[in-house]
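The block underneath contains the structure these notes are about, expressed in structure tokens.
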Amino acid sequence: MKITLHIVKKDELKDGKRIFEYAEEQIEMNNTMAAQMRFESCFPELAAKGSIVDYAERIRGQEGMSLPKVISALKVIFCFLEMDIPFLKFLKLFDFSQKEYTDKLIKDLKNAFDVVFDTAAEKN
């Protein structure tokens with residue numbers, strides 16, 4: 001199964017002007033126990049407090065979408081994606097300085113959480 005994320009493709013200064021481009025990317029999701037294993041290896045301090053689903057439910061239940069909540073949501077989604085890159089490099093695929101882009105990213109994250117929870121509900 002794939003989800004869509006808006007990923008920064010270009011962010012540079014040219015002749016004193018910022019050139020910012022992003023595109024939709026379809027990324028394969030993995031809703032197997034591999035996501036929990038990745039969560040444990042990448043975020044051991046969070047995994048010590050519960051499963052990735054527990055963490056995702058806490059994030060999903062919070063009001064608003066502050067920057068820390070967006071980063072927490074990206075941690076969850078990162079663990080479910082079929083990408084072989086470290087988390088810091090994953091974060092560099094996103095930008096929080098462009099309102100239009102950030103709004104699209106937040107919508108992507110909400111949709112990704114829906115996929116995670118819908119699939120989890122179907123498995124139970």
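Residue numbering restarts at 1 for every chain of the structure tokens, chains are lettered A, B, ... in their displayed order, and ligands are numbered from 1 as they appear.
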Select from segment 73-122 of chain A every residue with an atom at most 12 Å from any atom of segment 11-16 of chain A, then for each give the shortest pair of atoms and their distance in Å to one decimal, using only C-alpha atoms, rows by chain and rising number, as a Markdown table.
| residue | atom | partner | partner_atom | distance |
| --- | --- | --- | --- | --- |
| A:Lys92 | CA | A:Asp11 | CA | 10.7 |
| A:Leu93 | CA | A:Asp11 | CA | 10.3 |
| A:Phe94 | CA | A:Asp11 | CA | 10.3 |
| A:Asp95 | CA | A:Asp11 | CA | 9.1 |
| A:Phe96 | CA | A:Asp11 | CA | 12.0 |
| A:Ser97 | CA | A:Asp11 | CA | 11.0 |
| A:Gln98 | CA | A:Asp11 | CA | 11.0 |
Exercise for the section: Would you mind listing what lies within 10 Å of Val116 of chain A as a PyMOL selection string, with only C-alpha atoms counted and same-chain residues fewer than 3 positions away left out? Expected result: chain A and resi 29-31+53+56+76-77+80+110-113+119-121
Using only N, CA and C atoms, please write the residues we just selected to a file, as an mmCIF file, in the first residue's frame.
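That gives us part-v1.cif:
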data_model
loop_
_atom_site.group_PDB
_atom_site.id
_atom_site.type_symbol
_atom_site.label_atom_id
_atom_site.label_comp_id
_atom_site.auth_asym_id
_atom_site.auth_seq_id
_atom_site.Cartn_x
_atom_site.Cartn_y
_atom_site.Cartn_z
ATOM 1 N N MET A 29 4.125 1.847 2.146
ATOM 2 C CA MET A 29 3.983 1.681 3.593
ATOM 3 C C MET A 29 4.062 0.212 3.940
ATOM 4 N N ASN A 30 4.608 -0.062 5.126
ATOM 5 C CA ASN A 30 4.727 -1.420 5.611
ATOM 6 C C ASN A 30 4.059 -1.481 6.984
ATOM 7 N N ASN A 31 2.882 -2.080 7.051
ATOM 8 C CA ASN A 31 2.136 -2.162 8.302
ATOM 9 C C ASN A 31 2.387 -3.469 9.046
ATOM 10 N N VAL A 53 1.996 1.903 17.979
ATOM 11 C CA VAL A 53 0.564 2.211 17.895
ATOM 12 C C VAL A 53 0.136 3.062 19.091
ATOM 13 N N ALA A 56 1.452 6.518 18.393
ATOM 14 C CA ALA A 56 0.664 7.134 17.322
ATOM 15 C C ALA A 56 -0.692 7.590 17.840
ATOM 16 N N VAL A 76 6.400 8.628 13.577
ATOM 17 C CA VAL A 76 5.515 7.477 13.402
ATOM 18 C C VAL A 76 5.503 7.030 11.952
ATOM 19 N N ILE A 77 5.242 7.961 11.058
ATOM 20 C CA ILE A 77 5.139 7.622 9.639
ATOM 21 C C ILE A 77 6.450 7.046 9.122
ATOM 22 N N PHE A 80 6.768 3.387 9.486
ATOM 23 C CA PHE A 80 5.898 2.584 8.633
ATOM 24 C C PHE A 80 6.297 2.606 7.158
ATOM 25 N N LYS A 110 -2.154 13.442 8.234
ATOM 26 C CA LYS A 110 -3.466 12.988 8.716
ATOM 27 C C LYS A 110 -3.958 11.798 7.888
ATOM 28 N N ASN A 111 -3.779 11.869 6.579
ATOM 29 C CA ASN A 111 -4.181 10.754 5.713
ATOM 30 C C ASN A 111 -3.356 9.503 6.012
ATOM 31 N N ALA A 112 -2.068 9.674 6.240
ATOM 32 C CA ALA A 112 -1.202 8.533 6.559
ATOM 33 C C ALA A 112 -1.621 7.887 7.875
ATOM 34 N N PHE A 113 -1.961 8.699 8.874
ATOM 35 C CA PHE A 113 -2.434 8.157 10.150
ATOM 36 C C PHE A 113 -3.741 7.395 9.949
ATOM 37 N N THR A 119 -5.933 0.262 8.760
ATOM 38 C CA THR A 119 -5.341 -1.057 8.532
ATOM 39 C C THR A 119 -5.214 -1.805 9.854
ATOM 40 N N ALA A 120 -4.831 -1.107 10.921
ATOM 41 C CA ALA A 120 -4.717 -1.757 12.225
ATOM 42 C C ALA A 120 -6.076 -2.263 12.682
ATOM 43 N N ALA A 121 -7.126 -1.506 12.436
ATOM 44 C CA ALA A 121 -8.472 -1.931 12.828
ATOM 45 C C ALA A 121 -8.916 -3.145 12.035
#
Exercise for the section: Work out how far apart atom CA of Lys99 of chain A and atom CA of Val8 of chain A are and give it in Å to one decimal. Expected result: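 Computing it gives 13.3 Å between the two atoms.
Excluding segment 38-46 of chain A itself and any same-chain residue fewer than 4 positions from it, the protein and nucleic acid residues within 8 Å of it, counting only C-alpha atoms, are Ala34, Gly50, Ile52, Tyr55, Val76, Cys79 and Phe87 of chain A.
Residues surrounding Ile106 of chain A within 8 Å are Met65, Val70, Thr102 and Lys110 of chain A [only C-alpha atoms; sequence separation below 4 positions excluded].
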Practice task
Could you give me, as a VMD selection string, each residue of segment 10-117 of chain A that DSSP assigns to helix (DSSP H, G or I) when run on this structure's backbone?
Solution key: chain A and resid 34 to 42 44 to 47 52 to 61 67 to 80 87 to 91 99 to 117
Exercise for the section: Have a look at atom CA of Asp54 of chain A and atom CA of Ala35 of chain A and let me know their distance in Å, one decimal. Expected result: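 About the pair atom CA of Asp54 of chain A and atom CA of Ala35 of chain A: they are 12.7 Å apart.
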Exercise for the section: Could you give me, as a PyMOL selection string, the residues within 9 Å of Leu74 of chain A, counting only C-alpha atoms and dropping anything in the same chain fewer than 6 positions from it? Expected result: chain A and resi 90-91+109
Store the residues of this selection in a file with N, CA, C and O atoms, as an mmCIF file, in the first residue's frame.
data_model
loop_
_atom_site.group_PDB
_atom_site.id
_atom_site.type_symbol
_atom_site.label_atom_id
_atom_site.label_comp_id
_atom_site.auth_asym_id
_atom_site.auth_seq_id
_atom_site.Cartn_x
_atom_site.Cartn_y
_atom_site.Cartn_z
ATOM 1 N N PHE A 90 15.494 11.844 6.449
ATOM 2 C CA PHE A 90 14.059 11.850 6.163
ATOM 3 C C PHE A 90 13.458 13.220 6.480
ATOM 4 O O PHE A 90 12.702 13.772 5.690
ATOM 5 N N LEU A 91 13.804 13.783 7.644
ATOM 6 C CA LEU A 91 13.288 15.104 8.025
ATOM 7 C C LEU A 91 13.688 16.184 7.023
ATOM 8 O O LEU A 91 12.938 17.139 6.801
ATOM 9 N N LEU A 109 -0.025 13.869 6.463
ATOM 10 C CA LEU A 109 0.193 13.134 7.706
ATOM 11 C C LEU A 109 -1.120 12.613 8.277
ATOM 12 O O LEU A 109 -1.199 11.473 8.743
#
Handout entry: Using only C-alpha atoms: which of A:Ser51, A:Thr4, A:Gln62, A:Gln26 has the shortest distance to Lys107 of chain A
Key =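 Once distances to Lys107 of chain A are computed over only C-alpha atoms, the minimum belongs to A:Thr4.
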Practice task
May I ask for the distance between atom CA of Glu24 of chain A and atom CA of Tyr101 of chain A, given in Å to one decimal place?
Solution key: 10.8 Å
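Remark: for Ile3 of chain A, the closest of the candidate residues A:Ile19, A:Ile27, A:Met37, A:Ile85 is A:Ile27 (distances computed over only C-alpha atoms).
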Handout entry: DSSP strand (DSSP E or B) selection over segment 17-108 of chain A, as a list in words
Key = Lys17, Arg18, Ile19, Phe20, Glu21, Tyr22, Ala23, Glu24, Glu25, Gln26, Ile27, Glu28, Met29 and Leu81 of chain A
